[in-house]
>>> print(open('query_24.tsv').read())   # TSV, C-alpha atoms
chain	number	residue	atom	x	y	z
A	1	MET	CA	37.87	-50.83	47.14
A	2	ILE	CA	35.70	-50.63	50.26
A	3	ILE	CA	34.63	-47.34	51.82
A	4	THR	CA	33.27	-47.96	55.30
A	5	SER	CA	30.17	-45.99	56.25
A	6	GLU	CA	30.48	-47.35	59.78
A	7	LYS	CA	32.90	-49.60	61.60
A	8	THR	CA	33.48	-52.53	59.25
A	9	THR	CA	35.00	-55.93	60.01
A	10	LEU	CA	36.53	-57.99	57.18
A	11	SER	CA	37.66	-61.60	57.47
A	12	PHE	CA	40.77	-62.97	55.76
A	13	ARG	CA	38.34	-64.43	53.19
A	14	ASP	CA	36.89	-61.03	52.26
A	15	GLU	CA	38.16	-58.91	49.40
A	16	PRO	CA	40.16	-56.76	49.10
A	17	LEU	CA	42.20	-58.47	51.85
A	18	GLN	CA	44.73	-60.94	50.41
A	19	VAL	CA	46.44	-64.02	51.86
A	20	PHE	CA	50.10	-64.51	50.92
A	21	GLY	CA	52.32	-67.57	51.34
A	22	LEU	CA	49.67	-70.32	51.21
A	23	PRO	CA	49.32	-71.96	47.78
A	24	GLU	CA	46.71	-74.34	49.21
A	25	TYR	CA	44.55	-71.41	50.24
A	26	ASP	CA	44.69	-70.09	46.68
A	27	ARG	CA	43.62	-73.52	45.40
A	28	THR	CA	41.08	-74.63	48.02
A	29	GLY	CA	40.24	-71.68	50.27
A	30	GLU	CA	41.62	-73.60	53.28
A	31	LEU	CA	44.24	-72.34	55.72
A	32	ARG	CA	46.79	-75.13	55.37
A	33	ARG	CA	50.21	-75.73	53.83
A	34	LEU	CA	49.81	-79.22	52.39
A	35	PRO	CA	46.96	-81.26	50.89
A	36	ASP	CA	45.95	-84.50	52.61
A	37	ASP	CA	47.55	-86.77	50.01
A	38	VAL	CA	50.99	-85.18	50.49
A	39	ILE	CA	50.67	-85.41	54.27
A	40	ALA	CA	49.79	-89.11	53.90
A	41	ALA	CA	52.74	-89.77	51.58
A	42	THR	CA	55.41	-88.07	53.73
A	43	ALA	CA	56.66	-87.91	57.30
A	44	VAL	CA	54.87	-84.59	57.87
A	45	SER	CA	52.33	-84.80	60.69
A	46	GLU	CA	48.80	-83.56	60.13
A	47	LYS	CA	49.21	-80.53	62.38
A	48	LEU	CA	52.47	-79.48	60.72
A	49	GLY	CA	50.76	-79.75	57.35
A	50	LEU	CA	47.84	-77.63	58.51
A	51	ARG	CA	49.50	-74.87	60.49
A	52	CYS	CA	50.61	-71.78	58.57
A	53	PRO	CA	54.05	-70.32	59.38
A	54	GLY	CA	55.03	-67.74	56.80
A	55	ALA	CA	51.43	-66.94	55.82
A	56	ARG	CA	50.51	-63.27	55.74
A	57	LEU	CA	47.37	-61.17	55.38
A	58	GLY	CA	47.81	-57.94	53.43
A	59	PHE	CA	45.76	-54.83	52.64
A	60	ARG	CA	46.04	-51.06	52.33
A	61	THR	CA	44.01	-48.63	54.39
A	62	ASN	CA	43.83	-45.01	55.47
A	63	SER	CA	42.08	-46.06	58.66
A	64	GLU	CA	43.81	-44.34	61.57
A	65	ASN	CA	42.68	-47.12	63.88
A	66	PHE	CA	42.22	-50.81	63.16
A	67	THR	CA	41.79	-53.87	65.34
A	68	VAL	CA	43.04	-57.37	64.52
A	69	HIS	CA	40.96	-60.27	65.86
A	70	ILE	CA	42.20	-63.89	65.94
A	71	THR	CA	40.45	-67.15	66.85
A	72	PHE	CA	42.41	-70.41	67.18
A	73	LYS	CA	41.30	-74.00	66.76
A	74	THR	CA	44.29	-75.19	68.81
A	75	LEU	CA	46.53	-73.72	71.49
A	76	GLU	CA	49.53	-75.61	72.88
A	77	ILE	CA	52.76	-74.73	74.67
A	78	ASP	CA	55.95	-75.03	72.62
A	79	LYS	CA	58.85	-76.07	74.85
A	80	GLY	CA	61.44	-74.27	72.72
A	81	MET	CA	59.70	-70.99	71.87
A	82	SER	CA	57.63	-68.40	73.70
A	83	ILE	CA	54.01	-67.40	73.20
A	84	TYR	CA	55.30	-64.29	71.40
A	85	ALA	CA	57.05	-66.45	68.81
A	86	CYS	CA	54.49	-69.22	68.33
A	87	GLN	CA	50.99	-67.96	69.10
A	88	ALA	CA	51.24	-64.25	68.23
A	89	ALA	CA	50.60	-62.47	64.94
A	90	SER	CA	53.10	-59.79	63.90
A	91	VAL	CA	51.79	-56.56	62.37
A	92	PHE	CA	53.89	-54.48	59.95
A	93	ILE	CA	52.94	-51.12	58.43
A	94	GLY	CA	54.41	-49.52	55.31
A	95	PRO	CA	55.99	-50.64	52.01
A	96	HIS	CA	57.24	-54.24	52.03
A	97	ALA	CA	60.95	-53.47	51.95
A	98	GLU	CA	60.69	-50.55	54.39
A	99	SER	CA	57.89	-51.73	56.65
A	100	ARG	CA	57.98	-50.99	60.37
A	101	PHE	CA	57.07	-53.46	63.08
A	102	ALA	CA	53.91	-52.19	64.80
A	103	GLY	CA	53.52	-54.91	67.43
A	104	LEU	CA	52.02	-58.30	68.24
A	105	VAL	CA	48.49	-59.65	68.47
A	106	CYS	CA	49.02	-62.18	71.26
A	107	PRO	CA	46.80	-64.36	73.47
A	108	PRO	CA	47.02	-63.42	77.16
A	109	ASP	CA	47.61	-67.05	78.17
A	110	TYR	CA	47.52	-70.65	76.89
A	111	GLU	CA	43.77	-71.01	77.46
A	112	THR	CA	42.26	-68.06	75.55
A	113	LEU	CA	41.42	-69.04	71.98
A	114	SER	CA	40.01	-65.67	70.84
A	115	PHE	CA	41.87	-62.40	71.34
A	116	GLU	CA	42.45	-59.04	69.66
A	117	LYS	CA	44.57	-55.90	69.66
A	118	ALA	CA	43.98	-52.37	68.41
A	119	PHE	CA	46.58	-50.47	66.38
A	120	LYS	CA	46.97	-46.79	65.53
A	121	LYS	CA	48.66	-45.43	62.41
A	122	ALA	CA	48.81	-42.25	60.36
A	123	PRO	CA	45.51	-41.37	58.63
A	124	LYS	CA	46.99	-41.96	55.18
A	125	MET	CA	46.85	-44.88	52.78
A	126	GLU	CA	49.45	-47.44	53.90
A	127	ASP	CA	50.08	-51.14	53.51
A	128	VAL	CA	49.47	-53.40	56.49
A	129	LEU	CA	50.89	-56.92	56.60
A	130	ILE	CA	49.88	-59.39	59.33
A	131	PHE	CA	52.03	-62.50	59.82
A	132	PHE	CA	49.82	-65.42	60.86
A	133	PRO	CA	50.77	-67.11	64.15
A	134	ARG	CA	53.36	-69.84	63.56
A	135	ASN	CA	52.14	-72.83	65.57
A	136	GLU	CA	48.37	-72.97	65.83
A	137	LEU	CA	45.53	-73.96	63.55
A	138	ILE	CA	43.52	-70.83	62.80
A	139	GLU	CA	39.75	-70.54	62.82
A	140	ASN	CA	39.60	-66.91	61.75
A	141	ILE	CA	41.58	-63.70	61.39
A	142	SER	CA	39.62	-60.51	60.84
A	143	VAL	CA	40.26	-56.76	60.91
A	144	THR	CA	37.91	-53.97	62.03
A	145	PHE	CA	38.35	-50.61	60.31
A	146	ALA	CA	37.24	-47.15	61.43
A	147	GLU	CA	34.13	-45.41	60.11
A	148	GLY	CA	34.73	-43.48	56.90
A	149	SER	CA	37.96	-45.26	56.00
A	150	GLU	CA	39.01	-46.93	52.76
A	151	VAL	CA	40.34	-50.47	52.39
A	152	LEU	CA	42.23	-51.48	49.25
A	153	ALA	CA	44.09	-54.52	47.99
A	154	PRO	CA	47.72	-54.69	49.16
A	155	THR	CA	50.56	-53.36	47.06
A	156	PRO	CA	51.96	-56.30	45.05
A	157	TYR	CA	55.41	-57.59	45.88
A	158	ARG	CA	58.09	-56.35	43.48
A	159	ILE	CA	58.67	-60.01	42.59
A	160	ALA	CA	55.34	-61.82	42.72
A	161	PRO	CA	56.18	-65.48	42.08
A	162	PRO	CA	57.42	-66.48	45.54
A	163	ILE	CA	60.60	-68.10	46.73
A	164	VAL	CA	59.67	-71.54	48.09
A	165	PHE	CA	61.66	-72.71	51.12
A	166	TYR	CA	61.67	-76.40	52.13
A	167	GLY	CA	63.45	-77.73	55.18
A	168	SER	CA	63.56	-78.42	58.88
A	169	SER	CA	62.36	-76.68	62.06
A	170	ILE	CA	64.97	-74.01	61.31
A	171	THR	CA	63.26	-73.26	58.00
A	172	GLU	CA	59.95	-73.23	59.86
A	173	GLY	CA	61.26	-70.55	62.24
A	174	GLY	CA	62.79	-72.29	65.24
A	175	CYS	CA	63.81	-70.59	67.42
A	176	CYS	CA	63.51	-66.86	66.69
A	177	ALA	CA	61.90	-64.63	69.33
A	178	ASN	CA	59.35	-63.37	66.79
A	179	HIS	CA	58.42	-65.48	63.79
A	180	HIS	CA	58.76	-62.55	61.39
A	181	ASN	CA	62.52	-62.84	62.03
A	182	VAL	CA	62.96	-66.27	60.43
A	183	TYR	CA	65.49	-65.93	57.61
A	184	SER	CA	62.91	-66.41	54.83
A	185	ALA	CA	60.80	-63.51	56.14
A	186	ILE	CA	63.85	-61.27	56.49
A	187	LEU	CA	64.82	-62.07	52.90
A	188	SER	CA	61.28	-61.29	51.77
A	189	ARG	CA	61.63	-57.79	53.21
A	190	MET	CA	65.15	-57.35	51.86
A	191	LEU	CA	64.17	-58.36	48.33
A	192	ASP	CA	60.50	-57.28	48.31
A	193	ILE	CA	59.52	-60.79	47.21
A	194	ASP	CA	56.72	-63.12	48.24
A	195	PHE	CA	57.67	-66.42	49.90
A	196	VAL	CA	56.27	-69.80	50.94
A	197	ASN	CA	57.55	-71.47	54.13
A	198	LEU	CA	57.53	-75.27	53.86
A	199	GLY	CA	59.65	-75.95	56.92
A	200	PHE	CA	58.48	-78.96	58.91
A	201	SER	CA	59.93	-79.51	62.38
A	202	GLY	CA	61.59	-82.92	62.46
A	203	CYS	CA	59.60	-84.09	59.43
A	204	ALA	CA	61.43	-82.87	56.32
A	205	LYS	CA	62.83	-86.16	55.00
A	206	GLY	CA	63.29	-85.41	51.29
A	207	GLU	CA	60.54	-87.66	49.94
A	208	ILE	CA	59.84	-87.78	46.20
A	209	ALA	CA	56.17	-87.01	46.91
A	210	MET	CA	57.28	-83.72	48.48
A	211	ALA	CA	59.56	-82.93	45.54
A	212	GLU	CA	56.64	-83.49	43.17
A	213	TYR	CA	54.29	-81.35	45.25
A	214	ILE	CA	56.75	-78.46	45.48
A	215	ALA	CA	57.47	-78.69	41.76
A	216	GLY	CA	53.80	-78.01	41.12
A	217	LEU	CA	53.89	-74.63	42.89
A	218	ASP	CA	54.33	-71.24	41.27
A	219	MET	CA	57.77	-69.88	42.23
A	220	SER	CA	60.68	-67.69	41.26
A	221	LEU	CA	63.28	-69.84	43.02
A	222	PHE	CA	63.50	-72.95	45.21
A	223	VAL	CA	65.59	-73.20	48.41
A	224	TYR	CA	66.02	-76.53	50.19
A	225	ASP	CA	67.95	-77.36	53.33
A	226	TYR	CA	66.50	-80.43	55.04
A	227	ASP	CA	69.96	-81.64	56.12
A	228	HIS	CA	69.02	-81.34	59.83
A	229	ASN	CA	66.04	-83.69	59.49
A	230	ALA	CA	67.93	-86.51	57.80
A	231	PRO	CA	68.24	-89.15	60.55
A	232	ASN	CA	71.75	-90.00	59.33
A	233	CYS	CA	74.14	-89.36	56.48
A	234	ALA	CA	73.03	-92.51	54.66
A	235	HIS	CA	69.43	-91.26	54.54
A	236	LEU	CA	70.60	-87.91	53.18
A	237	ARG	CA	72.65	-89.68	50.52
A	238	GLU	CA	69.66	-91.85	49.53
A	239	THR	CA	67.28	-88.90	49.18
A	240	HIS	CA	69.11	-85.66	48.38
A	241	TYR	CA	70.05	-86.20	44.73
A	242	PRO	CA	66.84	-88.10	43.84
A	243	PHE	CA	64.85	-85.19	45.35
A	244	TYR	CA	66.79	-82.71	43.23
A	245	LYS	CA	66.53	-84.86	40.11
A	246	ARG	CA	62.75	-85.28	40.36
A	247	PHE	CA	62.21	-81.58	41.01
A	248	ARG	CA	64.45	-80.66	38.09
A	249	GLU	CA	62.65	-83.07	35.74
A	250	LEU	CA	59.38	-81.30	36.50
A	251	ARG	CA	60.77	-77.74	36.70
A	252	PRO	CA	63.77	-77.48	34.38
A	253	ASP	CA	64.02	-73.68	34.50
A	254	VAL	CA	63.57	-72.83	38.21
A	255	PRO	CA	66.77	-71.69	39.98
A	256	ILE	CA	67.69	-73.92	42.93
A	257	LEU	CA	69.67	-72.92	46.03
A	258	MET	CA	70.81	-75.74	48.31
A	259	LEU	CA	71.96	-75.10	51.89
A	260	SER	CA	73.74	-77.35	54.33
A	261	ARG	CA	72.76	-77.14	57.99
A	262	PRO	CA	73.43	-73.79	59.68
A	263	ALA	CA	75.86	-74.64	62.47
A	264	THR	CA	79.01	-73.61	64.27
A	265	SER	CA	82.16	-75.50	63.39
A	266	SER	CA	81.95	-77.44	66.67
A	267	VAL	CA	78.76	-79.27	65.63
A	268	TYR	CA	78.99	-79.09	61.84
A	269	LYS	CA	78.56	-82.37	59.94
A	270	ILE	CA	81.06	-82.39	57.09
A	271	ASP	CA	79.82	-85.76	55.75
A	272	ASN	CA	76.33	-84.31	55.26
A	273	ARG	CA	77.76	-81.26	53.52
A	274	ASP	CA	79.70	-83.51	51.16
A	275	VAL	CA	76.49	-85.34	50.21
A	276	ILE	CA	74.93	-82.02	49.22
A	277	LEU	CA	78.06	-81.07	47.30
A	278	ASP	CA	77.79	-84.39	45.45
A	279	THR	CA	74.30	-83.35	44.32
A	280	LEU	CA	75.70	-80.00	43.14
A	281	HIS	CA	78.54	-81.66	41.21
A	282	LYS	CA	76.26	-84.24	39.55
A	283	ALA	CA	73.82	-81.52	38.56
A	284	ARG	CA	76.52	-79.37	37.00
A	285	GLU	CA	78.14	-82.31	35.26
A	286	ALA	CA	74.73	-82.93	33.67
A	287	GLY	CA	74.67	-79.33	32.42
A	288	ASP	CA	72.55	-77.67	35.14
A	289	MET	CA	74.15	-74.28	35.79
A	290	ASN	CA	71.00	-72.89	37.43
A	291	ILE	CA	71.87	-74.31	40.84
A	292	GLU	CA	73.91	-72.90	43.74
A	293	PHE	CA	75.10	-74.04	47.18
A	294	ILE	CA	75.85	-72.23	50.45
A	295	ASP	CA	77.82	-73.97	53.19
A	296	GLY	CA	75.89	-73.53	56.46
A	297	SER	CA	79.10	-73.25	58.47
A	298	THR	CA	79.80	-69.89	56.78
A	299	PHE	CA	76.71	-68.06	58.06
A	300	PHE	CA	77.82	-66.94	61.50
A	301	GLY	CA	81.53	-66.10	61.61
A	302	PRO	CA	83.77	-66.24	64.67
A	303	ASP	CA	80.98	-65.22	67.08
A	304	GLY	CA	78.73	-68.10	66.05
A	305	GLU	CA	77.98	-69.12	69.63
A	306	LEU	CA	76.00	-65.88	69.98
A	307	CYS	CA	73.71	-66.94	67.14
A	308	PHE	CA	72.02	-70.02	68.61
A	309	VAL	CA	69.41	-70.89	71.21
A	310	ASP	CA	70.52	-74.49	71.79
A	311	ASN	CA	73.49	-74.96	69.43
A	312	VAL	CA	71.01	-76.23	66.81
A	313	HIS	CA	68.34	-73.58	66.23
A	314	PRO	CA	69.38	-70.00	65.39
A	315	ASN	CA	68.13	-67.06	67.41
A	316	ASP	CA	67.18	-63.75	65.79
A	317	LEU	CA	70.82	-62.75	65.32
A	318	GLY	CA	71.55	-66.10	63.70
A	319	PHE	CA	68.62	-65.79	61.31
A	320	TYR	CA	69.66	-62.25	60.39
A	321	LYS	CA	73.19	-63.42	59.60
A	322	MET	CA	71.75	-66.24	57.49
A	323	ALA	CA	69.65	-63.75	55.54
A	324	CYS	CA	72.61	-61.40	55.01
A	325	THR	CA	74.70	-64.26	53.59
A	326	ILE	CA	71.92	-65.63	51.37
A	327	ASN	CA	70.69	-62.24	50.10
A	328	PRO	CA	73.46	-61.52	47.54
A	329	VAL	CA	73.28	-65.08	46.21
A	330	LEU	CA	69.54	-64.79	45.64
A	331	ARG	CA	69.99	-61.39	43.98
A	332	ARG	CA	72.47	-62.93	41.56
A	333	MET	CA	70.32	-65.97	40.87
A	334	LEU	CA	67.19	-63.86	40.33
A	335	LYS	CA	69.17	-61.38	38.20
A	336	LEU	CA	68.05	-58.44	40.32
>>> encode(input="query_24.tsv", output="C-alpha cells")
Amino acid sequence: MIITSEKTTLSFRDEPLQVFGLPEYDRTGELRRLPDDVIAATAVSEKLGLRCPGARLGFRTNSENFTVHITFKTLEIDKGMSIYACQAASVFIGPHAESRFAGLVCPPDYETLSFEKAFKKAPKMEDVLIFFPRNELIENISVTFAEGSEVLAPTPYRIAPPIVFYGSSITEGGCCANHHNVYSAILSRMLDIDFVNLGFSGCAKGEIAMAEYIAGLDMSLFVYDYDHNAPNCAHLRETHYPFYKRFRELRPDVPILMLSRPATSSVYKIDNRDVILDTLHKAREAGDMNIEFIDGSTFFGPDGELCFVDNVHPNDLGFYKMACTINPVLRRMLKL
C-alpha cells in the first residue's frame, strides 16, 4: 500500500503496480515477449519479439484524478492500423469482467515519443488496467496519483494462470480499431482470466523452438492458430503435428485449443483445416482427450463480409464474434 502525501508518480517497475501478460518481464524485468535465443531460433523478428501487445499494467486506487505518462523507444506508421490501434494505451476502470473503457493515451502525431493523458474517476477504491500500446518498444509507462490518495496492488484475476495464445497477426491484434478488442483481450474480460499474447505478424511458423519456449510458461490453457502464417499447406503439414507433439511431451496436462484461420467461406483454405484436423485425430487416437478444435469458418455467420478489414484480418466485430464462439469452449475446457 502507498498513501501519497503529495502528488506521487510510480513507474511500471514500482510496487504495488503490476505488469500482466509478459512472462519475460516476470523473469528478467525487461519489457519484451521473447528472449534473444528464441528470437534467433525462429522466424520472429527482433522488434516483434520485443514489442508488447497484450501486456497490461494494473493497480487499485481511490485517486479521483490520475495521469498516465508514456515514453516510446520507437514510433512508426502501421499501414494497416491507425495510431489509436497501434500506438495508444487503453485505460479501463473497474472489476476485470465489468470494467469500463475510460479512453486512450495516444501520441498526437508520429513524431512525439513522450505523451500523457489525465483521467478522472470516482473517489473510491477501484481497479485500473492500462493496456500497453501494441506496436512500439516502450521506454517507460508511469502514473501520477493525486495528493492524499491510496495505491494498492490490483485485484487478482479470477483465474490467475493465463491462457497463452500463439499465432499470426490476427492473434497479435490485426486489425481491430483498438487493441483491447483483439479476441484474446475480449475473452480475458469475459472469463476474468489473465492472458499472454504471442501473436507474431507474418512470423508464426510453428517452430519446435517456439513450442519448447511456450511449454515452459505458466498457463491454464494453450491456444494456437498459426495457420495464416504457414507459407503453404505443405509447411503446415510439416510443422503442425510436430509442434503439438513437442508441446504435449513437455506439458502433458495443459488443455489445448487449436483454431484454423478465421475466414469467410470465399477465402477459406479447406486443405489447411484438414491438416489441423489430422493433428486432432492423431492426438485423440494416442489417448489425448484434453484437446479441442474450432473451425475458423464458423466464427462469422452469413454476414461474414462485415467482419473483416481486408478479407484477411478481422475488425472489431469480427474479433467479438470470434470471442463469442470461443468463450463456451474455453469455459468447458477450463471446467468453469
>>> residues_around(input="query_24.tsv", residues="Gln87 (chain A)", least_positions_apart="3", cutoff="9 Å", atoms="all atoms listed in the file", output="PDB file with C-alpha atoms, keeping the file's coordinate frame")
ATOM      1  CA  LEU A  75      46.530 -73.720  71.490  1.00  0.00           C
ATOM      2  CA  GLU A  76      49.530 -75.610  72.880  1.00  0.00           C
ATOM      3  CA  ILE A  77      52.760 -74.730  74.670  1.00  0.00           C
ATOM      4  CA  SER A  82      57.630 -68.400  73.700  1.00  0.00           C
ATOM      5  CA  ILE A  83      54.010 -67.400  73.200  1.00  0.00           C
ATOM      6  CA  TYR A  84      55.300 -64.290  71.400  1.00  0.00           C
ATOM      7  CA  VAL A 105      48.490 -59.650  68.470  1.00  0.00           C
ATOM      8  CA  CYS A 106      49.020 -62.180  71.260  1.00  0.00           C
ATOM      9  CA  PRO A 107      46.800 -64.360  73.470  1.00  0.00           C
ATOM     10  CA  TYR A 110      47.520 -70.650  76.890  1.00  0.00           C
ATOM     11  CA  PHE A 132      49.820 -65.420  60.860  1.00  0.00           C
ATOM     12  CA  PRO A 133      50.770 -67.110  64.150  1.00  0.00           C
ATOM     13  CA  ARG A 134      53.360 -69.840  63.560  1.00  0.00           C
ATOM     14  CA  ASN A 135      52.140 -72.830  65.570  1.00  0.00           C
ATOM     15  CA  GLU A 136      48.370 -72.970  65.830  1.00  0.00           C
TER      16      GLU A 136
END
>>> closest_residue(input="query_24.tsv", among="A:Arg60, A:Lys245, A:His240, A:His281", to="Glu15 (chain A)", atoms="only C-alpha atoms")
A:Arg60
>>> closest_residue(input="query_24.tsv", among="A:Met1, A:Cys175, A:Leu236, A:Val254", to="Thr279 (chain A)", atoms="all atoms listed in the file")
A:Leu236
>>> atom_distance(input="query_24.tsv", atom1="CA of Thr71 (chain A)", atom2="CA of Gln18 (chain A)")
18.1 Å
>>> residues_around(input="query_24.tsv", residues="Glu172 (chain A)", least_positions_apart="4", cutoff="7 Å", atoms="only C-alpha atoms", output="short mmCIF file (atom, residue, chain, number, x, y, z; two decimals) with C-alpha atoms, in the coordinates of the input")
data_model
loop_
_atom_site.label_atom_id
_atom_site.label_comp_id
_atom_site.auth_asym_id
_atom_site.auth_seq_id
_atom_site.Cartn_x
_atom_site.Cartn_y
_atom_site.Cartn_z
CA PRO A 53 54.05 -70.32 59.38
CA SER A 168 63.56 -78.42 58.88
CA ASN A 197 57.55 -71.47 54.13
CA LEU A 198 57.53 -75.27 53.86
CA GLY A 199 59.65 -75.95 56.92
CA PHE A 200 58.48 -78.96 58.91
CA SER A 201 59.93 -79.51 62.38
#
>>> residues_near_point(input="query_24.tsv", point="(33.3, -48.5, 55.7)", cutoff="8 Å", atoms="only C-alpha atoms", output="NGL selection string")
:A and (2-8 or 145-150)
>>> residues_around(input="query_24.tsv", residues="Ser90 (chain A)", least_positions_apart="6", cutoff="7 Å", atoms="only C-alpha atoms", output="NGL selection string")
:A and (103-105 or 130-131 or 180)
>>> closest_atom_pairs(input="query_24.tsv", of="region 35-103 of chain A", to="region 309-332 of chain A", cutoff="12 Å", atoms="all atoms listed in the file", output="CSV")
residue,atom,partner,partner_atom,distance
A:Gly80,CA,A:Val309,CA,8.8
A:Met81,CA,A:Val309,CA,9.7
A:Ala85,CA,A:Asp316,CA,10.9
>>> closest_residue(input="query_24.tsv", among="A:Ser142, A:Ile294, A:Leu217, A:Ala55", to="Asp194 (chain A)", atoms="all atoms listed in the file")
A:Ala55
